[in-house]
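A.B. asks: Enclosed is the structure file data-v4.cif (mmCIF, C-alpha atoms).
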data_work
loop_
_atom_site.label_atom_id
_atom_site.label_comp_id
_atom_site.auth_asym_id
_atom_site.auth_seq_id
_atom_site.Cartn_x
_atom_site.Cartn_y
_atom_site.Cartn_z
CA ALA F 8 -13.72 -9.95 -16.03
CA GLN F 9 -16.99 -10.64 -14.21
CA THR F 10 -19.96 -8.30 -14.50
CA ILE F 11 -21.58 -6.72 -11.45
CA SER F 12 -24.53 -9.12 -11.83
CA GLU F 13 -22.24 -12.16 -11.85
CA ILE F 14 -20.41 -10.99 -8.72
CA ALA F 15 -23.69 -10.19 -6.96
CA ALA F 16 -25.11 -13.62 -7.84
CA ALA F 17 -21.97 -15.40 -6.61
CA ALA F 18 -22.13 -13.50 -3.31
CA GLU F 19 -25.91 -13.96 -3.08
CA VAL F 20 -26.53 -10.23 -2.76
CA GLY F 21 -28.08 -7.55 -4.93
CA ASN F 22 -26.27 -5.36 -7.47
CA ALA F 23 -26.83 -2.35 -5.20
CA THR F 24 -24.87 -4.06 -2.41
CA VAL F 25 -21.86 -4.51 -4.69
CA THR F 26 -22.10 -0.87 -5.75
CA ARG F 27 -22.24 0.31 -2.12
CA LEU F 28 -19.21 -1.84 -1.30
CA CYS F 29 -17.20 -0.22 -4.12
CA GLN F 30 -18.28 3.22 -2.96
CA GLY F 31 -17.29 2.33 0.59
CA LEU F 32 -13.82 1.54 -0.74
CA GLY F 33 -13.60 5.05 -2.17
CA TYR F 34 -14.67 4.44 -5.80
CA ARG F 35 -17.56 6.10 -7.64
CA GLY F 36 -19.02 2.71 -8.46
CA PHE F 37 -18.33 -0.78 -9.77
CA SER F 38 -16.95 0.41 -13.14
CA ALA F 39 -14.41 2.70 -11.44
CA PHE F 40 -13.41 -0.16 -9.14
CA ARG F 41 -12.89 -2.50 -12.13
CA ILE F 42 -10.65 0.02 -13.88
CA ALA F 43 -8.54 0.49 -10.74
CA LEU F 44 -8.26 -3.28 -10.32
CA ALA F 45 -7.18 -3.71 -13.94
CA ARG F 46 -4.54 -1.02 -13.56
CA GLU F 47 -3.26 -2.52 -10.32
CA SER F 48 -2.88 -5.99 -11.82
CA GLY F 49 -1.31 -4.72 -15.03
CA ALA F 50 1.58 -2.42 -15.86
CA PRO F 51 1.97 0.71 -13.74
CA ALA F 52 0.44 3.90 -15.04
CA PRO F 53 2.86 5.86 -17.22
CA ASP F 54 4.20 9.19 -16.06
CA ALA F 55 2.49 11.52 -18.49
CA ARG F 56 4.55 14.56 -17.52
CA PRO F 57 7.24 15.29 -20.08
CA GLY F 58 10.73 15.58 -18.65
CA PRO F 59 12.83 18.68 -19.19
CA ALA F 60 14.61 16.98 -22.08
CA GLY F 61 12.27 14.20 -23.19
CA SER F 62 13.71 12.30 -26.12
CA ALA F 63 11.73 10.86 -29.03
CA ALA F 64 12.24 7.40 -27.54
CA GLU F 65 10.81 8.51 -24.18
CA VAL F 66 7.77 10.12 -25.78
CA CYS F 67 7.22 6.99 -27.87
CA GLU F 68 7.35 4.71 -24.83
CA ARG F 69 5.07 6.88 -22.71
CA LEU F 70 2.39 7.11 -25.38
CA ALA F 71 2.69 3.43 -26.25
CA GLN F 72 2.31 2.48 -22.58
CA ALA F 73 -0.73 4.76 -22.25
CA ALA F 74 -2.27 3.11 -25.31
CA ARG F 75 -1.64 -0.39 -23.95
CA GLN F 76 -3.19 0.50 -20.62
CA SER F 77 -6.21 2.17 -22.23
CA LEU F 78 -6.95 -1.00 -24.19
CA ALA F 79 -6.50 -3.11 -21.06
CA ASP F 80 -8.86 -0.80 -19.15
CA THR F 81 -11.40 -1.17 -21.96
CA ALA F 82 -11.25 -4.96 -21.80
CA ALA F 83 -11.85 -4.79 -18.04
CA LEU F 84 -14.73 -2.30 -18.30
CA LEU F 85 -16.65 -3.69 -21.25
CA ASP F 86 -19.83 -5.60 -20.44
CA ALA F 87 -19.68 -8.80 -22.53
CA ALA F 88 -23.45 -9.24 -22.47
CA ALA F 89 -23.99 -5.69 -23.76
CA LEU F 90 -21.37 -6.23 -26.47
CA ASP F 91 -23.04 -9.45 -27.59
CA ALA F 92 -26.49 -7.83 -27.64
CA ALA F 93 -25.16 -4.90 -29.68
CA ALA F 94 -23.59 -7.27 -32.21
CA ARG F 95 -26.85 -9.19 -32.59
CA HIS F 96 -28.86 -6.02 -33.18
CA ILE F 97 -26.37 -4.78 -35.77
CA ALA F 98 -26.24 -8.13 -37.58
CA ALA F 99 -30.05 -8.22 -37.92
CA THR F 100 -30.75 -4.60 -38.82
CA PRO F 101 -31.75 -3.47 -42.32
CA ARG F 102 -30.21 -0.05 -41.62
CA LEU F 103 -27.35 1.05 -39.38
CA ASP F 104 -26.64 4.77 -39.02
CA ILE F 105 -23.45 5.64 -37.13
CA TYR F 106 -23.17 9.10 -35.57
CA GLY F 107 -19.85 10.76 -34.82
CA VAL F 108 -18.99 14.46 -34.68
CA GLY F 109 -15.54 16.04 -34.42
CA ASN F 110 -12.87 13.57 -33.36
CA SER F 111 -15.41 10.73 -33.44
CA ALA F 112 -16.31 11.32 -37.11
CA ALA F 113 -13.27 9.44 -38.41
CA VAL F 114 -14.05 6.48 -36.16
CA ALA F 115 -17.67 6.42 -37.34
CA GLN F 116 -16.45 6.37 -40.96
CA SER F 117 -14.00 3.56 -40.22
CA LEU F 118 -16.64 1.41 -38.52
CA ALA F 119 -19.13 1.95 -41.35
CA HIS F 120 -16.42 0.81 -43.79
CA GLU F 121 -15.85 -2.40 -41.81
CA PHE F 122 -19.55 -3.18 -41.37
CA ARG F 123 -20.17 -2.77 -45.10
CA LYS F 124 -17.67 -5.57 -45.74
CA LEU F 125 -20.14 -7.82 -43.90
CA ALA F 126 -23.01 -6.62 -46.14
CA ILE F 127 -24.49 -4.50 -43.35
CA VAL F 128 -26.06 -1.32 -44.72
CA ALA F 129 -24.08 1.14 -42.61
CA THR F 130 -23.78 4.91 -43.04
CA ALA F 131 -21.47 7.20 -41.09
CA ILE F 132 -22.99 10.62 -40.38
CA SER F 133 -21.17 13.66 -38.96
CA ASP F 134 -23.16 16.57 -40.42
CA ILE F 135 -25.54 17.96 -37.80
CA ASP F 136 -28.46 18.52 -40.20
CA THR F 137 -28.09 15.00 -41.55
CA LEU F 138 -28.03 13.66 -37.98
CA ALA F 139 -31.46 15.19 -37.44
CA ILE F 140 -32.84 13.79 -40.71
CA SER F 141 -31.44 10.33 -40.05
CA SER F 142 -32.76 10.09 -36.51
CA ALA F 143 -36.20 11.30 -37.59
CA THR F 144 -36.50 8.59 -40.27
CA LEU F 145 -35.22 5.56 -38.36
CA ALA F 146 -37.87 3.02 -37.43
CA ALA F 147 -38.33 -0.18 -35.45
CA GLY F 148 -35.65 -2.68 -36.45
CA ASP F 149 -33.16 0.02 -37.45
CA VAL F 150 -30.09 0.73 -35.34
CA ALA F 151 -28.47 4.03 -34.41
CA LEU F 152 -24.91 3.78 -33.07
CA ALA F 153 -23.40 6.91 -31.53
CA ILE F 154 -19.71 7.43 -30.80
CA SER F 155 -18.75 10.15 -28.33
CA HIS F 156 -15.91 10.34 -25.82
CA THR F 157 -17.67 12.73 -23.42
CA GLY F 158 -21.23 11.72 -24.23
CA ARG F 159 -22.22 15.37 -24.13
CA THR F 160 -22.32 16.40 -27.80
CA GLU F 161 -25.74 18.05 -27.95
CA ALA F 162 -26.61 17.18 -31.57
CA VAL F 163 -25.66 13.52 -31.08
CA VAL F 164 -27.62 13.19 -27.83
CA ALA F 165 -30.71 14.81 -29.42
CA ALA F 166 -30.42 12.49 -32.43
CA MET F 167 -30.26 9.39 -30.25
CA GLU F 168 -33.25 10.50 -28.18
CA ARG F 169 -35.19 11.08 -31.40
CA ALA F 170 -34.15 7.70 -32.85
CA GLY F 171 -35.23 5.91 -29.68
CA THR F 172 -38.60 7.65 -29.71
CA GLY F 173 -39.09 6.42 -33.28
CA GLY F 174 -38.55 2.81 -32.21
CA ALA F 175 -34.95 2.28 -33.35
CA GLN F 176 -32.46 0.38 -31.20
CA THR F 177 -29.97 2.87 -29.76
CA LEU F 178 -26.35 1.94 -29.01
CA CYS F 179 -23.39 4.07 -28.00
CA ILE F 180 -19.64 3.77 -27.53
CA THR F 181 -18.52 6.24 -24.88
CA HIS F 182 -16.08 6.84 -22.07
CA GLU F 183 -18.86 8.28 -19.87
CA PRO F 184 -21.80 5.86 -19.40
CA ALA F 185 -23.57 8.22 -16.95
CA SER F 186 -23.51 11.06 -19.52
CA PRO F 187 -26.62 12.36 -21.32
CA LEU F 188 -25.73 10.10 -24.25
CA GLY F 189 -25.41 7.05 -22.02
CA ARG F 190 -28.81 7.78 -20.49
CA ALA F 191 -30.37 8.17 -23.95
CA CYS F 192 -29.20 4.79 -25.26
CA GLY F 193 -30.55 1.30 -24.76
CA ILE F 194 -27.10 -0.32 -24.85
CA VAL F 195 -23.93 1.39 -23.64
CA LEU F 196 -20.45 0.13 -24.51
CA GLN F 197 -17.99 1.81 -22.18
CA TYR F 198 -14.26 2.06 -22.77
CA GLY F 199 -11.24 3.18 -20.77
CA ALA F 200 -8.84 5.80 -22.09
CA ARG F 201 -5.68 6.70 -20.19
CA PRO F 202 -5.08 10.47 -20.52
CA THR F 203 -1.57 11.68 -21.09
CA GLN F 204 -0.32 15.25 -20.90
CA ILE F 205 2.28 14.69 -23.59
CA SER F 206 -0.34 14.03 -26.25
CA LEU F 207 -1.57 17.24 -27.91
CA SER F 208 -4.98 15.64 -28.41
CA SER F 209 -5.50 15.60 -24.64
CA HIS F 210 -5.14 19.39 -24.50
CA ARG F 211 -7.88 19.76 -27.12
CA GLY F 212 -10.34 17.81 -24.98
CA GLY F 213 -10.08 14.73 -27.17
CA SER F 214 -7.94 11.68 -26.88
CA HIS F 215 -6.10 9.49 -29.35
CA MET F 216 -6.29 6.83 -26.63
CA GLY F 217 -10.07 7.12 -26.72
CA ARG F 218 -10.13 6.63 -30.47
CA LEU F 219 -8.01 3.50 -30.15
CA ALA F 220 -10.50 2.12 -27.63
CA GLN F 221 -13.46 3.07 -29.84
CA LEU F 222 -11.89 1.25 -32.77
CA LEU F 223 -11.20 -1.77 -30.59
CA ILE F 224 -14.87 -2.03 -29.64
CA GLY F 225 -15.85 -1.66 -33.29
CA ASP F 226 -13.48 -4.48 -34.20
CA MET F 227 -14.99 -6.62 -31.44
CA LEU F 228 -18.48 -6.05 -32.85
CA CYS F 229 -17.39 -6.96 -36.39
CA THR F 230 -15.59 -10.06 -35.14
CA LEU F 231 -18.63 -11.26 -33.18
CA ILE F 232 -20.86 -10.78 -36.22
CA ALA F 233 -18.39 -12.48 -38.55
CA THR F 234 -17.91 -15.51 -36.29
CA ALA F 235 -21.67 -15.90 -35.72
CA HIS F 236 -22.17 -16.11 -39.48
CA ARG F 237 -18.83 -17.65 -40.33
CA GLU F 238 -19.52 -19.16 -43.75
CA ARG F 239 -21.38 -16.17 -45.17
CA SER F 240 -18.97 -13.65 -43.64
CA GLY F 241 -15.94 -15.50 -44.96
CA SER F 242 -17.30 -15.34 -48.49
CA LEU F 243 -18.17 -11.65 -48.18
CA LEU F 244 -14.77 -10.74 -46.79
CA ASP F 245 -13.00 -12.68 -49.53
CA ARG F 246 -15.00 -10.84 -52.19
CA ALA F 247 -14.37 -7.46 -50.59
CA ARG F 248 -10.65 -8.19 -50.31
CA ALA F 249 -10.49 -9.31 -53.95
CA MET F 250 -12.18 -6.12 -55.12
CA VAL F 251 -9.81 -3.92 -53.14
CA ASP F 252 -6.72 -5.89 -54.22
CA ALA F 253 -7.76 -5.59 -57.87
CA ARG F 254 -7.51 -1.81 -57.57
CA ARG F 255 -4.04 -1.74 -56.04
CA LEU F 256 -0.98 -0.87 -58.07
CA ALA F 257 1.19 -3.81 -59.01
CA VAL F 258 4.42 -4.29 -57.09
CA PRO F 259 7.27 -3.37 -59.48
CA ARG F 260 9.68 -6.18 -60.23
CA LYS F 261 13.26 -5.69 -59.16
#
Here is the file; what I need is its structure written in the form of structure tokens.
C.D. replies:
Amino acid sequence: AQTISEIAAAAEVGNATVTRLCQGLGYRGFSAFRIALARESGAPAPDARPGPAGSAAEVCERLAQAARQSLADTAALLDAAALDAAARHIAATPRLDIYGVGNSAAVAQSLAHEFRKLAIVATAISDIDTLAISSATLAAGDVALAISHTGRTEAVVAAMERAGTGGAQTLCITHEPASPLGRACGIVLQYGARPTQISLSSHRGGSHMGRLAQLLIGDMLCTLIATAHRERSGSLLDRARAMVDARRLAVPRK
């Protein structure tokens, strides 16, 4: 998918002209237009309303379709240049602190686990006091990566503002790029997440679909870093895999 800058350059107009065109078509902006276009060209949106006698198979299909569409929306929304820049900052940093509170905490922990396989000093932080300490001690060259679906978690936003003031590079993975978190970060990686009323997580204000998209972006970052340093990364991943395999229980013989 082309970025707004690429489309503007091809049409020989400014980015603002493209934005106004999208708004004239009834969308909030270019990102909203890209999501709608991706949905229109892909599978139809699933009916999230449970039927009066929804079977397990029907629930499975609806949620699976919502997940597929959320990942497709993410691929359409994501700015490739921003993704590449984020990967380069992470690959070069001596310290990567990943912030995630509530539902995002598990994703932060998962991403830190994957980055450590590439010998990146990554720490997942979900405790609010530790967020404050981390952000106050980050310096130029360090990276703070925040994960938040709404982009409105006060402690995370404050931590990213503090980290940026200290000179650290600030990145975020969020569904809402215009949120306070998006405005506080130097690089914003936006994802799409199709809500569904049949998922209990949606009623709690969170979204399993959002977590899938967050993990997808994390995997993209790791893959970009690994391919940019293929020989070194291959050796590191082999060593990490060997260490983990050595701790697994042996498969019993039949």
A.B. asks: Between atom CA of Gln30 of chain F and atom CA of Ala83 of chain F, what distance in Å does the model show, to one decimal?
C.D. replies: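 Atom-to-atom, atom CA of Gln30 of chain F to atom CA of Ala83 of chain F, that is 18.2 Å.
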A.B. asks: Which residues are close to Ser142 of chain F, i.e. within 10 Å by only C-alpha atoms, leaving aside same-chain residues fewer than 4 positions away? Reply as a list of chain:residue names.
C.D. replies: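 In the requested format, the answer is F:Asp104, F:Tyr106, F:Thr137, F:Leu138, F:Ala146, F:Val150, F:Ala151, F:Val163, F:Ala165, F:Ala166, F:Met167, F:Glu168, F:Arg169, F:Ala170, F:Gly171, F:Thr172, F:Gly173, F:Ala175.
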A.B. asks: Evaluating the PyMOL selection byres ((chain F and resi 156-158) around 7) on the displayed file yields which residues, as a ChimeraX atom specification?
C.D. replies: /F:154-155,159-160,181-183,186-189,217
A.B. asks: Care to translate the PyMOL selection byres ((chain F and resi 21-26) around 12) into actual residues of this file, as an mmCIF file with C-alpha atoms, in the coordinates of the input?
C.D. replies:
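Below you can see result_15.cif, which holds the result:
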data_model
loop_
_atom_site.group_PDB
_atom_site.id
_atom_site.type_symbol
_atom_site.label_atom_id
_atom_site.label_comp_id
_atom_site.auth_asym_id
_atom_site.auth_seq_id
_atom_site.Cartn_x
_atom_site.Cartn_y
_atom_site.Cartn_z
ATOM 1 C CA THR F 10 -19.960 -8.300 -14.500
ATOM 2 C CA ILE F 11 -21.580 -6.720 -11.450
ATOM 3 C CA SER F 12 -24.530 -9.120 -11.830
ATOM 4 C CA GLU F 13 -22.240 -12.160 -11.850
ATOM 5 C CA ILE F 14 -20.410 -10.990 -8.720
ATOM 6 C CA ALA F 15 -23.690 -10.190 -6.960
ATOM 7 C CA ALA F 16 -25.110 -13.620 -7.840
ATOM 8 C CA ALA F 17 -21.970 -15.400 -6.610
ATOM 9 C CA ALA F 18 -22.130 -13.500 -3.310
ATOM 10 C CA GLU F 19 -25.910 -13.960 -3.080
ATOM 11 C CA VAL F 20 -26.530 -10.230 -2.760
ATOM 12 C CA ARG F 27 -22.240 0.310 -2.120
ATOM 13 C CA LEU F 28 -19.210 -1.840 -1.300
ATOM 14 C CA CYS F 29 -17.200 -0.220 -4.120
ATOM 15 C CA GLN F 30 -18.280 3.220 -2.960
ATOM 16 C CA GLY F 31 -17.290 2.330 0.590
ATOM 17 C CA LEU F 32 -13.820 1.540 -0.740
ATOM 18 C CA GLY F 33 -13.600 5.050 -2.170
ATOM 19 C CA TYR F 34 -14.670 4.440 -5.800
ATOM 20 C CA ARG F 35 -17.560 6.100 -7.640
ATOM 21 C CA GLY F 36 -19.020 2.710 -8.460
ATOM 22 C CA PHE F 37 -18.330 -0.780 -9.770
ATOM 23 C CA SER F 38 -16.950 0.410 -13.140
ATOM 24 C CA ALA F 39 -14.410 2.700 -11.440
ATOM 25 C CA PHE F 40 -13.410 -0.160 -9.140
ATOM 26 C CA ARG F 41 -12.890 -2.500 -12.130
#
A.B. asks: For a test of reading the model, state the distance in Å between atom CA of Ala131 of chain F and atom CA of Gln116 of chain F, rounded to one decimal.
C.D. replies: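 Between atom CA of Ala131 of chain F and atom CA of Gln116 of chain F the gap is 5.1 Å.
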A.B. asks: Give the answer as one residue: which of F:Leu243, F:Ala126, F:Val108, F:Ala92 has the shortest atom-to-atom distance to Leu228 of chain F, using only C-alpha atoms?
C.D. replies: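 Distance minimum relative to Leu228 of chain F lands on F:Ala92.
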A.B. asks: Find, counting all atoms listed in the file, the residue in F:Ala139, F:Ala64, F:Leu219, F:Ala247 that gets nearest to Glu121 of chain F.
C.D. replies: F:Ala247
A.B. asks: Atom CA of Glu161 of chain F and atom CA of Ala89 of chain F are how many Å apart?
C.D. replies: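 Answer for the atom CA of Glu161 of chain F to atom CA of Ala89 of chain F separation: 24.2 Å.
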A.B. asks: Applied to the shown file, which residues does the PyMOL selection byres ((chain F and resi 193) around 7) return, written as an NGL selection string?
C.D. replies: :F and (176-178 or 191-192 or 194-195)
A.B. asks: Which of these, F:Lys124, F:His96, F:Ala200, F:Ala79, has the shortest distance to Met216 of chain F once you count all atoms listed in the file?
C.D. replies: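 Selected residue with least distance to Met216 of chain F: F:Ala200.
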A.B. asks: Put a box with edges along x, y and z around all the listed atoms of segment 156-171 of chain F, pad it by 3 Å on each side, then give me its centre and sizes in Å, one decimal, as JSON.
C.D. replies:
{"center_x": -25.6, "center_y": 12.0, "center_z": -28.1, "size_x": 25.3, "size_y": 18.1, "size_z": 15.4}
A.B. asks: Just want the 10 Å neighbourhood of Arg218 of chain F, counted on all atoms listed in the file, with same-chain residues fewer than 2 positions away dropped. Output as number ranges by chain.
C.D. replies: F: 110-111, 113-114, 154-156, 198, 200, 213-216, 220-224
A.B. asks: Considering only C-alpha atoms, return as a PDB file with C-alpha atoms, keeping the file's coordinate frame whatever protein or nucleic-acid residues lie within 7 Å of Ile105 of chain F, sequence-local ones (same chain, fewer than 4 positions apart) excluded.
C.D. replies:
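Wrote it out as selection.pdb, contents follow:
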ATOM      1  CA  ALA F 115     -17.670   6.420 -37.340  1.00  0.00           C
ATOM      2  CA  THR F 130     -23.780   4.910 -43.040  1.00  0.00           C
ATOM      3  CA  ALA F 131     -21.470   7.200 -41.090  1.00  0.00           C
ATOM      4  CA  ILE F 132     -22.990  10.620 -40.380  1.00  0.00           C
ATOM      5  CA  ALA F 151     -28.470   4.030 -34.410  1.00  0.00           C
ATOM      6  CA  LEU F 152     -24.910   3.780 -33.070  1.00  0.00           C
ATOM      7  CA  ALA F 153     -23.400   6.910 -31.530  1.00  0.00           C
TER       8      ALA F 153
END
A.B. asks: At a cut-off of 8 Å, using all atoms listed in the file, what residues contact Val128 of chain F? Leave out same-chain residues fewer than 2 positions from it and give the result as an NGL selection string.
C.D. replies: :F and (101-103 or 122-123 or 126 or 130)
A.B. asks: Save out the residues we just selected, C-alpha atoms, as a compact mmCIF listing (two decimals), keeping the file's coordinate frame.
C.D. replies:
# COMPACT_ATOMS: atom_id res chain seq x y z
CA PRO F 101 -31.75 -3.47 -42.32
CA ARG F 102 -30.21 -0.05 -41.62
CA LEU F 103 -27.35 1.05 -39.38
CA PHE F 122 -19.55 -3.18 -41.37
CA ARG F 123 -20.17 -2.77 -45.10
CA ALA F 126 -23.01 -6.62 -46.14
CA THR F 130 -23.78 4.91 -43.04
A.B. asks: Here is a test: counting all atoms listed in the file, which residue of F:Cys67, F:Ala82, F:Leu125, F:Ile140 is nearest to His236 of chain F?
C.D. replies: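 Nearest to His236 of chain F: F:Leu125.
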